[in-house]
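*Asks:* There's a structure below that I have some questions on.
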Amino acid sequence: MEGWLGPELWQAVRLSIRVSAWATVVAMPLALLTAWALARWAFPGKQIVNGIVHLPLILPPVVTGYLLLVVLSPRAPVGGFLADLGMGFAFRWTGAALAAGIMGFPLMVRAIRLSLEAVDPRLEAAAATLGASRMRRFATITLPLILPGMLAGAVLGFAKAMGEFGATITFVSNIPGETQTMPLAIYAFLQVPGGEDAALRLVIVSVVIAMGALLVSEWIARALARRVAGA
Amino acid sequence: MEGWLGPELWQAVRLSIRVSAWATVVAMPLALLTAWALARWAFPGKQIVNGIVHLPLILPPVVTGYLLLVVLSPRAPVGGFLADLGMGFAFRWTGAALAAGIMGFPLMVRAIRLSLEAVDPRLEAAAATLGASRMRRFATITLPLILPGMLAGAVLGFAKAMGEFGATITFVSNIPGETQTMPLAIYAFLQVPGGEDAALRLVIVSVVIAMGALLVSEWIARALARRVAGA
Amino acid sequence: ETVTVFAASSLKTALEEIAAGFGAETGDQVRLSFAGSSAMARQIMAGAPADLFLSANPGWMDAVEAEGLLVAGTRRDLLGNALVLIGAPDGPEVGLGDDLAAVLGDDRLAMALVEAVPAGIYGEAALEALGQWEALAPRVAQAENVRAALALVATGAAPLGIVYRSDAQAEPRVRVLDTFAADTHPPITYPVARIAGRETPAADAFLAYLGGEAARAVFTRHGFDVIGE
Amino acid sequence: MTVSVDLRHRFEGFTLAARFEAPAGLTALFGRSGSGKSTVVNAVAGLLRPDHARIEIGGRVLADTERGLWLPPEKRRIGYIFQDARLFPHMSVRQNLDYGRKLAPVPPGRAEFDRVVGMLGLEGLLARRPARLSGGETSRVAIGRALLAGPEMILADEPLAALDEARKAEILPYFERLRDELSIPILYVSHAAGEVARLATSVVAIEAGRVSGQGSAAQILGDPGLTPLGAREAGAMLEARVVAHHADGLSEVQAGGQVLWVPRVDRPEGAALRVHVRAQDVMLALVRPEGISALNVIPAVVRDVRPVGADGALVQLGAGMAGAQSTLLARVTARSVSALGLRSGLELFAVLKAVSVARDQAARPD
Amino acid sequence: MTVSVDLRHRFEGFTLAARFEAPAGLTALFGRSGSGKSTVVNAVAGLLRPDHARIEIGGRVLADTERGLWLPPEKRRIGYIFQDARLFPHMSVRQNLDYGRKLAPVPPGRAEFDRVVGMLGLEGLLARRPARLSGGETSRVAIGRALLAGPEMILADEPLAALDEARKAEILPYFERLRDELSIPILYVSHAAGEVARLATSVVAIEAGRVSGQGSAAQILGDPGLTPLGAREAGAMLEARVVAHHADGLSEVQAGGQVLWVPRVDRPEGAALRVHVRAQDVMLALVRPEGISALNVIPAVVRDVRPVGADGALVQLGAGMAGAQSTLLARVTARSVSALGLRSGLELFAVLKAVSVARDQAARPD
Ligand SMILES: Nc1ncnc2c1ncn2[C@@H]1O[C@H](COP(=O)(O)OP(=O)(O)OP(=O)(O)O)[C@@H](O)[C@H]1O
Ligand SMILES: Nc1ncnc2c1ncn2[C@@H]1O[C@H](COP(=O)(O)OP(=O)(O)OP(=O)(O)O)[C@@H](O)[C@H]1O
Ligand code: MOO
Ligand SMILES: [Mg+2]
Ligand SMILES: [Mg+2]
């Protein structure tokens, strides 16, 4: 594969996987919490949180990237503070992961929330009568029952991360080996006449990877469904 | 509003709403059918269909736009044929709607599919024993029960359409009054020094519209949930 | 009559002003579509309803020409531009003679995509000519286009950047530190041409108008060189 | 209409191989928990497609897997009362009730709707969603929904299990009416003796997926080895006829030439009915007892004495005039067998309290 | 441990205002469908938070809304057998059974697990998911899950409704053991007379959200006006003691100085037990009948004759020696009342078949 692509593109492939995986993994617990809050809690400003969650979907990606840049560039207060802690995002792969995670976030939250809303609260009540604390009910009843939704959210988030372009390039720009994910490399190729061939190779690779993830997720989902239907 | 924005931006706002609304409305039945097929049918090549549905998420939007251009441009066989029928998409607002619809499609399908998988098949079986045909079961049992998922899908699709940029500009270009949606207008403003102000206005308008749609959807969802919980 | 012009995004402000003037003078409408040159070239090759193409880059105009889509004899280089080094208004006084890599330290130099976007390609060539590229290459943050590179400097994300003079001129949050000599990079030209397919006298008129005095004044005001007839 | 069922199906760890013919009327499906009753009913409904199946109702073939015939559930015209209710959660009680009704070829009218709603006590609940119903209310709506679908056959899977006695007593006559007046075949799963004794035309006992016994209700309930209700409920099923209703609230009926006094029966004089006399309620006396509260003292002859369990016996009696004899069953202790010297041929008296033939055990015409 | 419950709650169209004290033992909650039984149980479980509530168990206050006290369900240490089972669909039967067990402060051991599994007949189903269980299997698992949570109180909402008689007979002794040996208070919703007669220490009758009657099982079951089981099930509750077990399968018990023969009772000699004698099973005779199969002929005196319904009467009898008298009830027809001239003070004989005191109606010590 590396031979077919050349070391530079191969680097983009590896980076994209890393960025997408981190984006998905780190966003998941947050998405879960957010989905829980939106599905189960009543609190003032709930619709505002809901709106903020959807923002990355509503805004053109470039705008999202621009907002990230404004807030998190090393010269900005927040970004400077984080950079001082050694946790800067600007021009680093972590920033690419952040952008990808944010762009996929609404998709993950929605999928999880739909699952949460489908969980029969009477089962959680039954667990409570058996002595299970709130935490344990969540871990043993709710979580297993929303796994399909979490899985769907993870797939959507991962796929989105694999394809994210606008916010990423605007926020962390295109630094080979650091922030040049596959979509950025593809874009660059498409900007020059005759670059389609190399772009195509990357497209194929990215489709193959995402399809692999998709297949794995479908396989797990089937296993989960079988588990509930009875082994 | 028009005064604050000026006629040109106002045009972009109206176009964006039209494009997003059409994209959502037209994609919905297709998304429903696709979700149904993926959730309920077993057929060869199912995972391929599943993969194709996810493609717009996986691919950088520019690539999706490029593929659309290659297939549907008036010079391409398919695009030419459609153009002859007067149904061309290229460089028309219908093309912008198509691009937006395609980009939001995986989100819609997933949301509907999650809801479908949560429907208790025993209820459909009960309806069958009462004499309801497959179609009627779908219309009277399944459909009402997946309305929350369809609604979630519609919101995601609409929000995505409001924000879609890469595929649209690549496919149908940025023609004021015809294909220049809000994200494209925002982009254009960001390309010139001092355009940030106008861009910001458009961002605000697009956020307000999408939030409005979101609020309406949440409101309907609550009404639906109340309906099931008992009036 | 309506004339549809596909033009590089960076020309937006100037062209809108000129189109308004043209409209007032002739009563014809000019529809301006701004996007990346690559996208528009591809669209034109795919049959987009453009009457005029104003590219930020001769390469894509060549590609369109190779397809035989230009009206013969209408292509000409309309505008030129200069490449400048920019920095924050309150930043240190830096020139192209300085060791930019040393100035940057851990920071980044903002440029457009160095292999894909003309401003980036030109910038790389110029830095190479100045013998600075090798040291700077790992420090470059490549933005989607010149405007995005400008934004990196304007927001303070990068202390230095390389952009067109025309872009830098209108951005109050940056300062032009130095200008690259024209011979350090390939000439920066914006070719224009009539697209074949639609006979519109208005398009021909607008093409002519772009070379006229009124247009020249506007372009110059926005920092472009107008290349003579 | 005869129902003929022949099924074979394998679940992991459970094999169903059931074949039975149910004559017109109500067929009770009996069997312990997990024996396969719901599986049979699901197959008849068309919801479970067994490995092999042949199902025929009054000549109409619903399924014949050998010939690849499999009518989908919606073509079978059944009213299925599910063990787990399965109300439509997004519809009001009224909409649930109307669901099948509107699809019936001849939709039950307004009057019928009101009658069913009244019988089931659903008047106040019509606007309610299922999530806000009590357990019994839920099963009542499920019953109504199935009955109002205008079915040609009813499948009832423990329909009354969640209901109180009073409510059961209100619903049972409706099933009788369906069975008798509309002659709709009914497959009825129940563990409740009273229901079966009162309703069943025939009984099919299922054990671990196989039919272990099958026959008329009289046969099955008269044989403690067969009846799945337990020895307490074994008894005789007498075919009787109403002779007269008396002012003191008793009805006089005749069975096999023998007069029986029972609490008032809701049938016109002359009507046929079935009386279920539990073996447990019959006392035996060697001499006619005098001055007792039991109104029925019937001369009888012992036909058979069969030990049941460790401590008891079931005594089969012939009663009434020769040629029109009824069979009665009496359950007595082993001690009484020896104390009274019970043996075949012994002439004695069967004593039965009128109130033992309780209202909810009487009454069905043929 | 006394359970004291005082609840007020309004649903749209339904108001609950129930207050009762349940003494140690098993309290049966009776009432028609929709009367509010599950609502009461849910409040006691902590799943429904009523507008006003005070719930106390053996001095432990679970809820007192006046004082803002509301223990969450998981702190109440209850074993709730839900009317709708509510098994966890993603867990095997074994995992369902283990769920509460692992959370108990003193988890029931392996032996207890095996005993419950055996009693409920779940051995073959431990690896199965709930979706593949039959209706009765589902409710059996629900019972096991609650029992194995090592609860300090049991709430059972029609736990046996979906089960066959044989299975019920296997499970009932387990509830008795919980009640007697472990003295766990039990709130038990049921419509089944046999269950209640056998299990209940006290009975609370609920009607349209209010407590309409409340008392010991003997009181409630002895009063046909009160018993929600219907007149058929009214009867006397005799406190008795096992005298001896005899070789012919009968047990001799003594109640109020009077010997009673009943089918073998599973209690040691000397043990106390409760015998439920249904009024319907008692025959009256003016002279001691001879040569009859009924083993119990008890001299008695009529204390009261009360008409019941249009056609019958309930006769209250004093039996046994003065000072240690028992009260018996007999249900007879109006015709017998006049034929025998039944009136207060009349001396006569109560005749009762041993087999009428059936196994599943006997036996509970105090
Ligand atoms: N969530 C609710 N909202 C409104 N009314 C309700 C709700 N839950 C129950 N009810 C009503 O309250 C009454 C009591 O219900 P409950 O479930 O306590 O009855 P129940 O005695 O358990 O009856 P069953 O024997 O039928 O289970 C019923 O009339 C029922 O319709
Ligand atoms: N989907 C399934 N997969 C595997 N086994 C099943 C499935 N459904 C039912 N069974 C098993 O088949 C047997 C028969 O089930 P069925 O539901 O017919 O019992 P039933 O007679 O209706 O019992 P109950 O009185 O408890 O409702 C049971 O042992 C059950 O565990
Ligand atoms: O237009 Mo996109 O959606 O990520 O660049
Ligand atoms: Mg069943
Ligand atoms: Mg209830």
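Naming scheme: A, B, ... for chains in displayed order of the structure tokens; residues 1 onward per chain; ligands 1 onward as shown.
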All residues within 7 Å of ligand 5 are required, counting only C-alpha atoms and all ligand atoms; please report them as a PyMOL selection string.
*Replies:* (chain D and resi 134-136) or (chain E and resi 33-34+37-38+83+157)
*Asks:* Can you pull out every residue within 12 Å of Gly195 (chain B), counting only C-alpha atoms, but drop anything in the same chain fewer than 3 positions away, and send it as a list in words?
*Replies:* Ala185, Ile186, Tyr187, Ala188, Phe189, Leu190, Gln191, Val192, Ala198, Ala199, Leu200, Arg201 and Leu202 of chain B; Ser9, Ser10, Lys12, Thr13, Arg147, Ala151, Asp167, Ala170 and Glu171 of chain C
*Asks:* Can you work out which residues from chain B touch chain C at a cut-off of 10 Å (counting only C-alpha atoms) and hand them back as a ChimeraX atom specification?
*Replies:* /B:62,65-66,69-76,90-91,169-177,179-180,184-185,187-195
*Asks:* Show me which residues sit within 12 Å of ligand 4 when counting only C-alpha atoms and all ligand atoms, and put them as a count of residues only.
*Replies:* 42
*Asks:* What is the CA of Asp311 (chain D) to CA of Thr333 (chain D) distance in Å?
*Replies:*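 Distance between the two atoms: 5.9 Å.
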*Asks:* So which residues touch region 115-121 of chain A within 8 Å, counting only C-alpha atoms, skipping near sequence neighbours fewer than 5 positions away, as a count of residues only?
*Replies:* 12
*Asks:* Among region 17-222 of chain C, which residues does DSSP mark as strand (DSSP E or B) when it is run on the backbone? Keep the chain and numbering as in the structure and answer as an MDAnalysis selection string.
*Replies:* chainID C and resid 29:35 52:54 70 76:80 83:87 109:112 140:143 160:164 175:179 189:195
